[in-house]
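Novice: This is input-v1.cif (mmCIF, C-alpha atoms).
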data_my_file
loop_
_atom_site.label_atom_id
_atom_site.label_comp_id
_atom_site.auth_asym_id
_atom_site.auth_seq_id
_atom_site.Cartn_x
_atom_site.Cartn_y
_atom_site.Cartn_z
CA MET W 1 134.71 126.78 169.96
CA GLU W 2 132.90 123.45 169.87
CA GLN W 3 129.24 123.73 168.87
CA GLU W 4 126.54 122.15 166.79
CA GLU W 5 123.88 124.40 165.37
CA VAL W 6 121.00 123.50 163.07
CA MET W 7 120.27 126.08 160.36
CA GLY W 8 117.35 124.75 158.37
CA GLU W 9 118.66 121.62 156.65
CA TYR W 10 122.25 122.82 157.15
CA LYS W 11 124.04 121.91 160.36
CA ARG W 12 126.99 123.87 161.71
CA ILE W 13 129.26 121.29 163.30
CA ARG W 14 131.94 123.70 164.45
CA GLN W 15 133.05 127.29 164.14
CA GLU W 16 136.70 128.19 164.74
CA LEU W 17 138.02 131.72 165.18
CA MET W 18 141.09 131.90 162.94
CA TYR W 19 141.98 135.56 163.56
CA GLN W 20 140.39 138.47 165.41
CA GLY W 21 141.14 141.83 163.81
CA LYS W 22 140.44 145.33 165.11
CA VAL W 23 136.91 145.24 163.65
CA VAL W 24 136.18 141.81 162.16
CA GLY W 25 136.70 138.18 163.13
CA PHE W 26 137.73 135.56 160.57
CA TYR W 27 136.18 132.13 161.14
CA LYS W 28 136.31 128.65 159.63
CA ASP W 29 132.87 127.05 159.68
CA ILE W 30 132.50 123.29 159.37
CA LEU W 31 129.02 122.49 158.06
CA GLU W 32 127.06 119.42 157.13
CA LEU W 33 125.00 120.00 154.00
CA PRO W 34 121.50 118.53 153.47
CA ASN W 35 123.08 115.83 151.23
CA GLY W 36 125.39 114.75 154.09
CA ASN W 37 128.60 116.29 152.70
CA VAL W 38 130.79 118.06 155.27
CA VAL W 39 132.36 121.29 154.02
CA GLU W 40 134.52 124.18 155.27
CA TRP W 41 133.30 127.70 154.61
CA ASP W 42 134.96 131.02 155.41
CA LEU W 43 132.98 133.50 157.50
CA VAL W 44 133.79 137.09 158.41
CA LYS W 45 131.84 138.35 161.43
CA HIS W 46 131.29 142.10 161.62
CA PRO W 47 129.71 143.98 164.56
CA GLY W 48 127.51 145.99 162.17
CA ALA W 49 127.43 149.44 160.69
CA ALA W 50 124.85 152.04 159.70
CA ALA W 51 124.65 154.53 156.83
CA ILE W 52 122.76 157.72 156.11
CA ILE W 53 121.67 159.72 153.08
CA PRO W 54 121.94 163.43 154.02
CA VAL W 55 119.44 165.39 151.89
CA LEU W 56 119.80 169.17 151.66
CA PRO W 57 116.66 171.37 151.46
CA ASP W 58 117.05 171.64 147.66
CA GLY W 59 117.08 167.83 147.34
CA ARG W 60 120.80 167.45 146.68
CA ILE W 61 122.64 164.76 148.60
CA ILE W 62 125.91 165.01 150.54
CA PHE W 63 128.40 162.25 149.70
CA VAL W 64 131.81 161.56 151.20
CA LYS W 65 134.87 160.82 149.11
CA GLN W 66 137.44 158.81 151.02
CA PHE W 67 140.31 156.38 150.55
CA ARG W 68 139.42 152.69 150.78
CA ASN W 69 142.37 150.45 151.47
CA ALA W 70 140.69 147.33 150.01
CA LEU W 71 140.54 149.03 146.60
CA GLY W 72 143.57 151.29 146.86
CA TYR W 73 141.72 154.44 145.82
CA ARG W 74 139.11 157.00 146.92
CA THR W 75 135.43 156.14 146.52
CA LEU W 76 132.23 158.17 146.58
CA GLU W 77 129.83 156.97 149.28
CA ILE W 78 127.03 157.96 151.60
CA PRO W 79 128.28 158.60 155.15
CA ALA W 80 128.49 155.49 157.32
CA GLY W 81 130.30 154.02 160.26
CA GLY W 82 130.58 151.11 162.59
CA ILE W 83 128.03 150.72 165.35
CA GLU W 84 129.87 151.08 168.64
CA LYS W 85 129.23 148.80 171.62
CA GLY W 86 125.96 149.77 173.32
CA GLU W 87 124.95 152.04 170.43
CA THR W 88 121.84 151.69 168.25
CA ALA W 89 121.95 152.10 164.47
CA LEU W 90 120.08 155.41 164.81
CA GLN W 91 122.60 156.69 167.38
CA CYS W 92 125.40 155.61 165.05
CA VAL W 93 124.12 157.54 162.03
CA THR W 94 123.29 160.56 164.17
CA ARG W 95 126.93 160.60 165.27
CA GLU W 96 128.41 159.71 161.87
CA ILE W 97 126.54 162.33 159.83
CA GLU W 98 128.01 165.10 161.95
CA GLU W 99 131.48 163.55 162.24
CA GLU W 100 131.84 162.97 158.49
CA THR W 101 129.84 165.81 156.91
CA GLY W 102 129.61 168.54 159.52
CA TYR W 103 125.80 168.49 159.41
CA ARG W 104 123.27 167.51 162.05
CA SER W 105 119.67 166.40 161.50
CA ASP W 106 116.55 166.26 163.64
CA ASP W 107 114.64 164.36 160.92
CA ILE W 108 116.14 160.88 160.42
CA THR W 109 114.02 158.04 159.09
CA PRO W 110 114.84 154.40 158.30
CA LEU W 111 114.96 153.42 154.61
CA ILE W 112 116.29 149.87 154.05
CA LYS W 113 118.72 147.31 155.42
CA VAL W 114 121.44 145.59 153.37
CA ILE W 115 123.88 142.73 153.89
CA THR W 116 127.09 143.88 152.22
CA ALA W 117 128.81 140.62 151.23
CA ILE W 118 126.25 137.89 151.89
CA GLY W 119 128.44 135.06 150.57
CA PHE W 120 131.04 135.28 153.33
CA CYS W 121 130.25 138.14 155.75
CA ASP W 122 127.40 138.87 158.18
CA GLU W 123 127.78 142.68 158.10
CA THR W 124 124.34 144.28 158.21
CA ILE W 125 123.87 147.97 157.39
CA PRO W 126 120.59 149.76 158.06
CA ILE W 127 120.37 152.84 155.86
CA PHE W 128 118.58 156.01 156.94
CA VAL W 129 117.57 159.28 155.28
CA ALA W 130 118.32 162.60 157.00
CA LYS W 131 116.49 165.82 156.17
CA ASN W 132 116.27 169.21 157.88
CA LEU W 133 120.05 169.47 158.04
CA THR W 134 121.83 172.06 160.18
CA LYS W 135 125.45 173.01 159.43
CA THR W 136 127.89 172.32 162.29
CA GLU W 137 131.50 171.07 162.04
CA GLN W 138 133.17 167.89 160.84
CA HIS W 139 134.80 165.79 163.57
CA LEU W 140 136.88 163.31 161.57
CA ASP W 141 138.58 160.32 163.17
CA GLU W 142 142.39 160.38 163.07
CA ASP W 143 142.40 157.83 160.23
CA GLU W 144 139.84 159.69 158.09
CA GLU W 145 140.44 162.18 155.31
CA ILE W 146 137.07 163.03 153.78
CA GLU W 147 136.08 165.35 150.95
CA LEU W 148 132.40 166.31 150.70
CA VAL W 149 130.74 166.01 147.30
CA ILE W 150 127.22 167.34 146.80
CA LEU W 151 125.18 165.82 143.97
CA SER W 152 121.62 165.87 142.74
CA LEU W 153 119.79 162.55 142.91
CA GLU W 154 119.92 162.35 139.11
CA GLU W 155 123.70 162.91 139.09
CA ALA W 156 124.14 160.22 141.77
CA VAL W 157 122.06 157.69 139.82
CA SER W 158 124.05 158.50 136.67
CA LEU W 159 127.32 157.86 138.57
CA ILE W 160 125.92 154.54 139.79
CA LEU W 161 124.96 153.50 136.27
CA ASN W 162 128.32 154.51 134.74
CA GLY W 163 130.26 152.59 137.41
CA THR W 164 131.72 155.55 139.29
CA ILE W 165 129.73 154.86 142.47
CA ILE W 166 130.31 151.17 143.25
CA ASP W 167 129.88 150.93 147.02
CA SER W 168 127.02 148.51 147.74
CA LYS W 169 125.42 150.45 150.61
CA THR W 170 125.50 153.63 148.53
CA VAL W 171 124.10 152.01 145.38
CA SER W 172 121.32 150.30 147.37
CA GLY W 173 120.52 153.34 149.46
CA ILE W 174 120.39 155.85 146.60
CA LEU W 175 118.26 153.61 144.36
CA ALA W 176 115.88 152.83 147.24
CA TYR W 177 115.64 156.53 148.13
CA LYS W 178 114.84 157.34 144.50
CA GLU W 179 111.99 154.82 144.61
CA THR W 180 110.48 156.47 147.71
CA LEU W 181 110.16 159.75 145.81
CA LYS W 182 107.95 158.30 143.05
#
Translate this structure into structure tokens?

Specialist:
Amino acid sequence: MEQEEVMGEYKRIRQELMYQGKVVGFYKDILELPNGNVVEWDLVKHPGAAAIIPVLPDGRIIFVKQFRNALGYRTLEIPAGGIEKGETALQCVTREIEEETGYRSDDITPLIKVITAIGFCDETIPIFVAKNLTKTEQHLDEDEEIELVILSLEEAVSLILNGTIIDSKTVSGILAYKETLK
């Protein structure tokens, strides 16, 4: 793809798709820096995802424990999923909360938005809070194996601080949610 794009004092001379995966595209960007140097930078383009913090009536939070191939082990996270074509972030989390946890909510509010790996990836994740949960059934995708873990906010923060919870959307979301309760 031949293009020239001005981004502030940085100028994208060209962007080349190196590989298109199932979800993400891997690009080589050729940029001209403000000092005139021309550099190559890696870029991963992601269609976007959304995440949700499901809060039970007693204030405890539902987390999902699932295997993450990039790390080679199971991690503790808030429910999330990729935004499908034609879907809004709110529609995504409404679908994902029920698929992953087996709960539905009629009280979903936006909290914050995060960029997961800002140095090389454009993935943006809006994070929502769900209250007034109703128990339904999990509807896991064929490649998902999820265990539900229910924690108090204090327990979740403790697991963040001791390095057990390391997922960026979960860390950001839980700490932001804690701030809203002050």

Novice: Please work out which residues fall within 9 Å of (118.5, 156.9, 154.4), coordinates as given in the file, with only C-alpha atoms counting, and return them as number ranges by chain.

Specialist: W: 51-55, 108-112, 126-130, 173-174, 176-177

Novice: Record the distance separating atom CA of W:Tyr27 and atom CA of W:Trp41, expressed in Å with one decimal.

Specialist: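 Computing it gives 8.4 Å between the two atoms.
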
Novice: Written as a PDB file with C-alpha atoms, in the frame of the given file, which residues does the PyMOL selection byres ((chain W and resi 80-87) around 8) give for the file shown?

Specialist:
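Dumped to part-v8.pdb:
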ATOM      1  CA  PRO W  47     129.710 143.980 164.560  1.00  0.00           C
ATOM      2  CA  GLY W  48     127.510 145.990 162.170  1.00  0.00           C
ATOM      3  CA  ALA W  49     127.430 149.440 160.690  1.00  0.00           C
ATOM      4  CA  ALA W  50     124.850 152.040 159.700  1.00  0.00           C
ATOM      5  CA  ALA W  51     124.650 154.530 156.830  1.00  0.00           C
ATOM      6  CA  ILE W  52     122.760 157.720 156.110  1.00  0.00           C
ATOM      7  CA  ILE W  78     127.030 157.960 151.600  1.00  0.00           C
ATOM      8  CA  PRO W  79     128.280 158.600 155.150  1.00  0.00           C
ATOM      9  CA  THR W  88     121.840 151.690 168.250  1.00  0.00           C
ATOM     10  CA  ALA W  89     121.950 152.100 164.470  1.00  0.00           C
ATOM     11  CA  GLN W  91     122.600 156.690 167.380  1.00  0.00           C
ATOM     12  CA  CYS W  92     125.400 155.610 165.050  1.00  0.00           C
ATOM     13  CA  VAL W  93     124.120 157.540 162.030  1.00  0.00           C
ATOM     14  CA  GLU W  96     128.410 159.710 161.870  1.00  0.00           C
ATOM     15  CA  ILE W  97     126.540 162.330 159.830  1.00  0.00           C
TER      16      ILE W  97
END

Novice: Spell out the residues picked by the PyMOL selection byres ((chain W and resi 60) around 10) here, as a PyMOL selection string.

Specialist: chain W and resi 54-59+61-63+150-156

Novice: Got a sec to resolve the PyMOL selection byres ((chain W and resi 104) around 8) on this structure and send the residues as number ranges by chain?

Specialist: W: 94, 97-98, 102-103, 105-106, 133-136

Novice: Choose the residue, out of W:Ala70, W:Met7, W:Leu43, W:Val64, that has the smallest atom-to-atom separation from W:Ala117; count only C-alpha atoms.

Specialist: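 Residue with the minimum atom-to-atom distance to W:Ala117: W:Leu43.
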
Novice: What does the distance between atom CA of W:Phe120 and atom CA of W:Glu77 come to in Å, to one decimal place?

Specialist: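 That distance, rounded to one decimal, is 22.1 Å.
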
Novice: Figure out the distance between atom CA of W:Gly8 and atom CA of W:Lys169, please, to one decimal in Å.

Specialist: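 Those two atoms sit 28.0 Å apart.
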
Novice: Which of these residues is nearest to W:Leu31, using all atoms listed in the file: W:Ile13, W:Ile165, W:Leu76, W:Met18?

Specialist: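 Closest to W:Leu31, using all atoms listed in the file: W:Ile13.
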
Novice: Find the residues near W:Glu99: any atom within 8 Å, counting all atoms listed in the file, skip ones fewer than 6 places away on the same chain, and give them as a list in words.

Specialist: Glu137, Gln138, His139, Leu140 and Asp141 of chain W

Novice: Find the residue from W:Thr180, W:Thr101, W:Thr75, W:Thr124 that sits nearest to W:Leu159; use only C-alpha atoms when measuring.

Specialist: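 Answer, going by the shortest atom-to-atom distance: W:Thr75.
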
Novice: Which one is closest to W:Ile125: W:Lys22, W:Thr170, W:Glu145, W:Arg14? Count all atoms listed in the file.

Specialist: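 With all atoms listed in the file as the atom set, the closest residue is W:Thr170.
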